[in-house]
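The data block below is entry.cif; it holds mmCIF, C-alpha atoms.
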data_start
#
loop_
_atom_site.label_atom_id
_atom_site.label_comp_id
_atom_site.auth_asym_id
_atom_site.auth_seq_id
_atom_site.Cartn_x
_atom_site.Cartn_y
_atom_site.Cartn_z
CA MET A 5 20.05 2.49 -41.55
CA VAL A 6 18.19 1.62 -38.42
CA ALA A 7 15.23 3.84 -37.60
CA PRO A 8 15.49 5.59 -34.25
CA GLU A 9 13.36 4.03 -31.55
CA GLU A 10 10.15 5.95 -31.04
CA SER A 11 9.42 6.96 -27.50
CA MET A 12 6.13 7.33 -25.70
CA LYS A 13 4.97 9.03 -22.55
CA ILE A 14 3.27 6.84 -20.02
CA ILE A 15 2.24 7.45 -16.43
CA VAL A 16 3.89 5.21 -13.86
CA GLY A 17 2.81 5.60 -10.29
CA GLY A 18 1.33 8.99 -11.10
CA LYS A 19 4.45 10.32 -12.84
CA PHE A 20 4.95 10.90 -16.56
CA LYS A 21 7.86 8.93 -17.94
CA ASP A 22 9.42 8.35 -21.35
CA TYR A 23 9.86 4.81 -22.54
CA PRO A 24 10.35 3.15 -25.94
CA GLU A 25 7.09 2.64 -27.74
CA GLY A 26 5.68 -0.84 -27.37
CA LEU A 27 7.60 -1.61 -24.19
CA ARG A 28 6.25 -4.79 -22.62
CA LEU A 29 4.74 -4.59 -19.18
CA SER A 30 7.23 -7.16 -17.91
CA ALA A 31 10.10 -4.95 -19.14
CA LEU A 32 8.60 -1.93 -17.42
CA ILE A 33 8.50 -3.83 -14.13
CA ARG A 34 12.21 -4.58 -14.53
CA GLN A 35 13.13 -1.07 -15.59
CA GLU A 36 11.22 0.49 -12.71
CA ASN A 37 13.15 -1.73 -10.29
CA VAL A 38 9.94 -2.78 -8.60
CA GLU A 39 10.85 -4.42 -5.30
CA THR A 40 9.60 -7.98 -4.75
CA PRO A 41 7.79 -7.89 -8.14
CA GLU A 42 6.38 -11.36 -7.59
CA TYR A 43 4.07 -9.85 -4.99
CA VAL A 44 2.95 -6.86 -7.00
CA THR A 45 -0.44 -6.43 -8.57
CA VAL A 46 -0.41 -4.30 -11.70
CA ALA A 47 -3.22 -2.02 -12.75
CA LEU A 48 -3.15 -0.78 -16.33
CA ASN A 49 -5.57 2.06 -16.98
CA ASP A 50 -7.54 1.00 -13.89
CA ASP A 51 -7.82 -2.64 -14.97
CA PHE A 52 -5.94 -5.32 -13.07
CA VAL A 53 -3.64 -7.43 -15.24
CA GLU A 54 -2.96 -11.11 -14.68
CA ALA A 55 0.74 -11.81 -14.14
CA ALA A 56 0.66 -14.33 -17.00
CA ALA A 57 -0.07 -11.47 -19.40
CA PHE A 58 2.84 -9.22 -18.39
CA ASP A 59 4.99 -10.47 -21.28
CA GLU A 60 2.23 -10.04 -23.82
CA ILE A 61 1.07 -6.52 -23.11
CA ALA A 62 2.75 -3.79 -25.13
CA LEU A 63 2.34 -0.38 -23.56
CA LYS A 64 1.22 2.58 -25.60
CA GLU A 65 1.25 6.35 -25.36
CA GLY A 66 -0.77 7.67 -22.44
CA ASP A 67 -1.09 4.38 -20.59
CA SER A 68 -1.27 4.62 -16.82
CA VAL A 69 0.36 1.93 -14.74
CA GLU A 70 0.15 1.43 -10.98
CA PHE A 71 2.06 -1.15 -8.97
CA LEU A 72 0.18 -2.25 -5.88
CA TYR A 73 1.33 -4.60 -3.18
CA PHE A 74 -1.14 -7.06 -1.79
CA MET A 75 -1.92 -5.95 1.72
CA GLY A 76 -3.21 -8.50 4.12
CA GLY A 77 -2.46 -10.35 7.31
CA GLY A 78 -4.06 -11.56 10.47
CA GLY A 79 -4.08 -11.45 14.21
CA GLU A 80 -2.55 -14.06 16.48
CA MET B 16 11.69 6.33 10.64
CA THR B 17 9.09 8.27 12.59
CA VAL B 18 5.41 8.26 11.74
CA ARG B 19 3.50 11.38 12.77
CA LEU B 20 -0.26 10.94 12.91
CA PRO B 21 -2.72 13.75 13.61
CA ALA B 22 -4.96 13.01 16.59
CA ALA B 23 -8.05 13.49 14.42
CA GLU B 24 -6.88 10.82 11.97
CA TYR B 25 -6.05 8.50 14.84
CA ALA B 26 -9.56 9.05 16.17
CA LYS B 27 -10.93 8.19 12.72
CA MET B 28 -8.92 4.98 12.66
CA LEU B 29 -10.08 4.05 16.16
CA ARG B 30 -13.76 4.73 15.35
CA CYS B 31 -13.44 2.61 12.23
CA ALA B 32 -11.90 -0.25 14.23
CA GLU B 33 -14.58 -0.09 16.94
CA ARG B 34 -17.42 0.00 14.41
CA GLY B 35 -15.90 -2.90 12.56
CA LEU B 36 -15.94 -5.23 15.54
CA PRO B 37 -15.80 -8.14 15.82
CA ASN B 38 -13.82 -8.12 12.57
CA GLU B 39 -10.45 -6.67 11.78
CA VAL B 40 -10.53 -3.44 9.82
CA CYS B 41 -7.86 -2.14 7.48
CA GLY B 42 -6.88 0.73 5.27
CA LEU B 43 -4.12 2.95 3.99
CA ILE B 44 -2.30 6.00 5.26
CA ALA B 45 -1.12 8.85 3.09
CA GLY B 46 0.70 12.10 3.52
CA GLU B 47 4.20 13.34 2.92
CA LEU B 48 7.62 11.84 3.31
CA CYS B 49 10.22 14.23 4.73
CA GLY B 50 13.46 12.33 5.06
CA GLU B 51 13.03 10.02 8.03
CA LEU B 52 9.64 11.47 8.93
CA LYS B 53 6.32 10.28 7.54
CA ILE B 54 3.66 12.90 8.15
CA VAL B 55 0.23 11.34 7.78
CA HIS B 56 -2.43 13.66 6.45
CA ARG B 57 -5.16 11.18 5.79
CA VAL B 58 -6.29 7.74 6.87
CA TYR B 59 -8.25 5.76 4.27
CA PRO B 60 -10.42 3.05 5.84
CA LEU B 61 -10.98 0.37 3.18
CA SER B 62 -12.96 -2.84 3.03
CA ASN B 63 -11.59 -5.99 4.57
CA LEU B 64 -12.41 -8.63 1.97
CA ASP B 65 -11.92 -11.37 4.56
CA GLU B 66 -14.61 -9.97 6.91
CA SER B 67 -12.88 -11.85 9.67
CA PRO B 68 -11.93 -11.20 13.31
CA SER B 69 -8.49 -12.66 12.66
CA HIS B 70 -7.58 -11.88 9.05
CA PHE B 71 -7.61 -9.00 6.63
CA SER B 72 -7.09 -8.43 2.93
CA ILE B 73 -7.46 -4.92 1.57
CA ASP B 74 -9.80 -4.77 -1.41
CA PRO B 75 -7.41 -4.09 -4.33
CA LYS B 76 -10.02 -2.09 -6.24
CA GLU B 77 -10.49 0.22 -3.28
CA GLN B 78 -6.73 0.28 -2.81
CA LEU B 79 -6.29 1.49 -6.38
CA ALA B 80 -9.02 4.11 -5.99
CA ALA B 81 -7.43 5.33 -2.77
CA VAL B 82 -4.00 5.58 -4.39
CA ARG B 83 -5.52 7.55 -7.25
CA ASP B 84 -7.20 9.86 -4.73
CA MET B 85 -3.90 10.33 -2.90
CA ARG B 86 -2.14 11.30 -6.10
CA ALA B 87 -4.92 13.71 -7.04
CA GLY B 88 -4.55 15.35 -3.64
CA GLY B 89 -0.78 15.52 -3.80
CA LEU B 90 -0.35 12.89 -1.10
CA THR B 91 2.14 10.06 -1.02
CA PRO B 92 1.15 6.51 -0.03
CA LEU B 93 2.91 5.87 3.28
CA GLY B 94 1.66 2.49 4.39
CA ASN B 95 -1.32 0.73 5.81
CA PHE B 96 -3.09 -0.04 9.06
CA HIS B 97 -5.18 -2.85 10.43
CA SER B 98 -6.76 -3.67 13.74
CA HIS B 99 -6.27 -6.55 16.13
CA PRO B 100 -9.59 -6.83 17.96
CA ASN B 101 -8.32 -9.15 20.68
CA THR B 102 -4.56 -9.32 20.45
CA PRO B 103 -1.65 -6.96 21.10
CA ALA B 104 -0.43 -4.34 18.65
CA ARG B 105 2.39 -6.37 17.20
CA PRO B 106 2.75 -8.15 13.87
CA SER B 107 1.50 -11.71 13.85
CA PRO B 108 3.42 -14.34 11.90
CA GLU B 109 0.87 -13.92 9.12
CA ASP B 110 1.30 -10.14 9.16
CA ILE B 111 5.03 -10.65 8.75
CA ARG B 112 4.70 -13.30 6.07
CA LEU B 113 2.35 -11.14 4.00
CA ALA B 114 4.20 -7.84 4.42
CA ARG B 115 5.44 -7.30 0.88
CA ASP B 116 6.02 -3.58 0.58
CA PRO B 117 9.39 -2.58 2.04
CA GLN B 118 8.54 1.11 1.67
CA ALA B 119 5.38 0.88 3.75
CA SER B 120 4.83 1.54 7.42
CA TYR B 121 2.61 -1.12 8.94
CA LEU B 122 0.40 0.32 11.65
CA ILE B 123 -1.38 -2.07 14.00
CA LEU B 124 -4.17 -0.91 16.26
CA SER B 125 -4.99 -3.19 19.15
CA LEU B 126 -8.42 -2.81 20.66
CA SER B 127 -7.33 -4.41 23.90
CA ASP B 128 -8.04 -2.22 26.90
CA PRO B 129 -6.75 0.43 26.44
CA PRO B 130 -6.36 0.64 22.63
CA ALA B 131 -2.79 0.83 21.45
CA LEU B 132 -1.34 1.80 18.09
CA ARG B 133 2.18 0.90 16.99
CA ALA B 134 4.07 1.26 13.71
CA PHE B 135 6.47 -1.20 12.14
CA HIS B 136 8.80 -1.58 9.20
CA ILE B 137 8.75 -5.12 7.87
CA GLU B 138 11.20 -6.26 5.24
CA GLN B 139 12.19 -9.83 4.39
CA ALA B 140 10.51 -11.01 7.59
CA ARG B 141 12.55 -8.64 9.73
CA VAL B 142 10.45 -6.41 11.95
CA THR B 143 11.60 -3.05 13.25
CA GLU B 144 9.36 -0.82 15.32
CA GLU B 145 9.05 2.75 14.08
CA ALA B 146 8.58 5.74 16.34
CA LEU B 147 4.98 6.92 16.35
CA GLU B 148 3.81 10.40 17.30
CA ILE B 149 0.12 11.16 17.71
CA LEU B 150 -0.27 14.93 17.78
#

Can I see the file as structure tokens?
Amino acid sequence: MVAPEESMKIIVGGKFKDYPEGLRLSALIRQENVETPEYVTVALNDDFVEAAAFDEIALKEGDSVEFLYFMGGGGE
Amino acid sequence: MTVRLPAAEYAKMLRCAERGLPNEVCGLIAGELCGELKIVHRVYPLSNLDESPSHFSIDPKEQLAAVRDMRAGGLTPLGNFHSHPNTPARPSPEDIRLARDPQASYLILSLSDPPALRAFHIEQARVTEEALEIL
């Protein structure tokens, strides 16, 4: 018998959401349908996460995730 | 999409841009989204990491703090603004290239005489001007 998948509550963009416990950050980005994810900076509990670590980080109950787009540009 | 900006918040943005000369200034706008209307309640001037008269990069730490403040106040992030000290209020090629958030309104404040503020939607390098109301 396979044990049911435990779920956890995390905060994504200020909203509580249920996800399977241990969900990787990279999977969350996919499941949240983040637009142009290659240009998104991710903050986990107020710390910025390097993109190279997205596959390694397993989220846990109560984590808070923000997706931020780089905002920059320049005049002519 | 129409962006509605209170005159007091526009004045805040303009003061920030004038004080920041000769550099570009930048920040975020927040408020509420009502269908095709973005009602701005607050302008958040943030640091321009580039400290340049021709470039801007919003400090991501300040960006995160501002977003947290918006959420705490029940506001929705609506987009950003930056100034063009010497050029018209239209997106430069670099503005277009670096516009990554398709949900955002991009407000550009030109300090040419007289100052002019315009709003744009930029997605996949396509620029569409948005209606802007300053009330």

Length of the atom CA of Lys13 of chain A to atom CA of Asp59 of chain A vector [Å]: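 Going from atom CA of Lys13 of chain A over to atom CA of Asp59 of chain A, I get 19.5 Å.
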
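Interatomic distance, atom CA of Ala146 of chain B against atom CA of Met85 of chain B: 23.4 Å.
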
Selected residue, from A:Glu42, A:Glu60, A:Glu65, A:Glu10, that lies nearest to chain B when counting all atoms listed in the file: A:Glu42

Length of the atom CA of Asn38 of chain B to atom CA of His56 of chain B vector [Å]: 25.3 Å

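Near Ile15 of chain A, within 8 Å and counting all atoms listed in the file, sit Lys21, Gly66, Asp67, Ser68 and Val69 of chain A; same-chain residues fewer than 6 positions away were not included.
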
Go through chain A residue by residue and, counting only C-alpha atoms, keep those with an atom at most 8 Å from chain B; for each kept residue give the shortest atom pair and its distance in Å to one decimal, ordered by chain and increasing number, as CSV.
residue,atom,partner,partner_atom,distance
A:Gly18,CA,B:Arg86,CA,6.5
A:Glu39,CA,B:Asp116,CA,7.7
A:Thr40,CA,B:Arg115,CA,7.0
A:Tyr43,CA,B:Arg115,CA,6.5
A:Ala47,CA,B:Leu79,CA,7.9
A:Asp50,CA,B:Leu79,CA,7.6
A:Glu70,CA,B:Leu79,CA,7.9
A:Leu72,CA,B:Leu79,CA,7.5
A:Tyr73,CA,B:Asp116,CA,6.1
A:Phe74,CA,B:Arg115,CA,7.1
A:Met75,CA,B:Ile73,CA,5.6
A:Gly76,CA,B:Ser72,CA,4.1
A:Gly77,CA,B:Asp110,CA,4.2
A:Gly78,CA,B:His70,CA,3.8
A:Gly79,CA,B:Ser69,CA,4.8
A:Glu80,CA,B:Ser107,CA,5.4

Nearest-residue call for Ala131 of chain B, choices B:Thr143, B:Ile149, B:Gly89, B:Val58, using only C-alpha atoms: B:Ile149

Shortest interatomic distance to Lys53 of chain B - which of B:Glu66, B:Glu24, B:Leu147, B:Pro129, counting all atoms listed in the file: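 Going through B:Glu66, B:Glu24, B:Leu147, B:Pro129 one by one, the smallest distance to Lys53 of chain B is for B:Leu147.
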
Contact residues around Arg57 of chain B with all atoms listed in the file at 8 Å, ignoring same-chain residues under 6 positions, as number ranges by chain: B: 24, 44-46

Pick from B:Pro60, B:Arg19, B:Arg133, B:Gly88 nearest to Val40 of chain B, counting all atoms listed in the file: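 For Val40 of chain B, the nearest of the candidates is B:Pro60.
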
Cut-off 12 Å around (9.1, -3.8, -17.1) with all atoms listed in the file: residues as a ChimeraX atom specification: /A:16,23-24,26-39,41,46,55,58-63,69,71
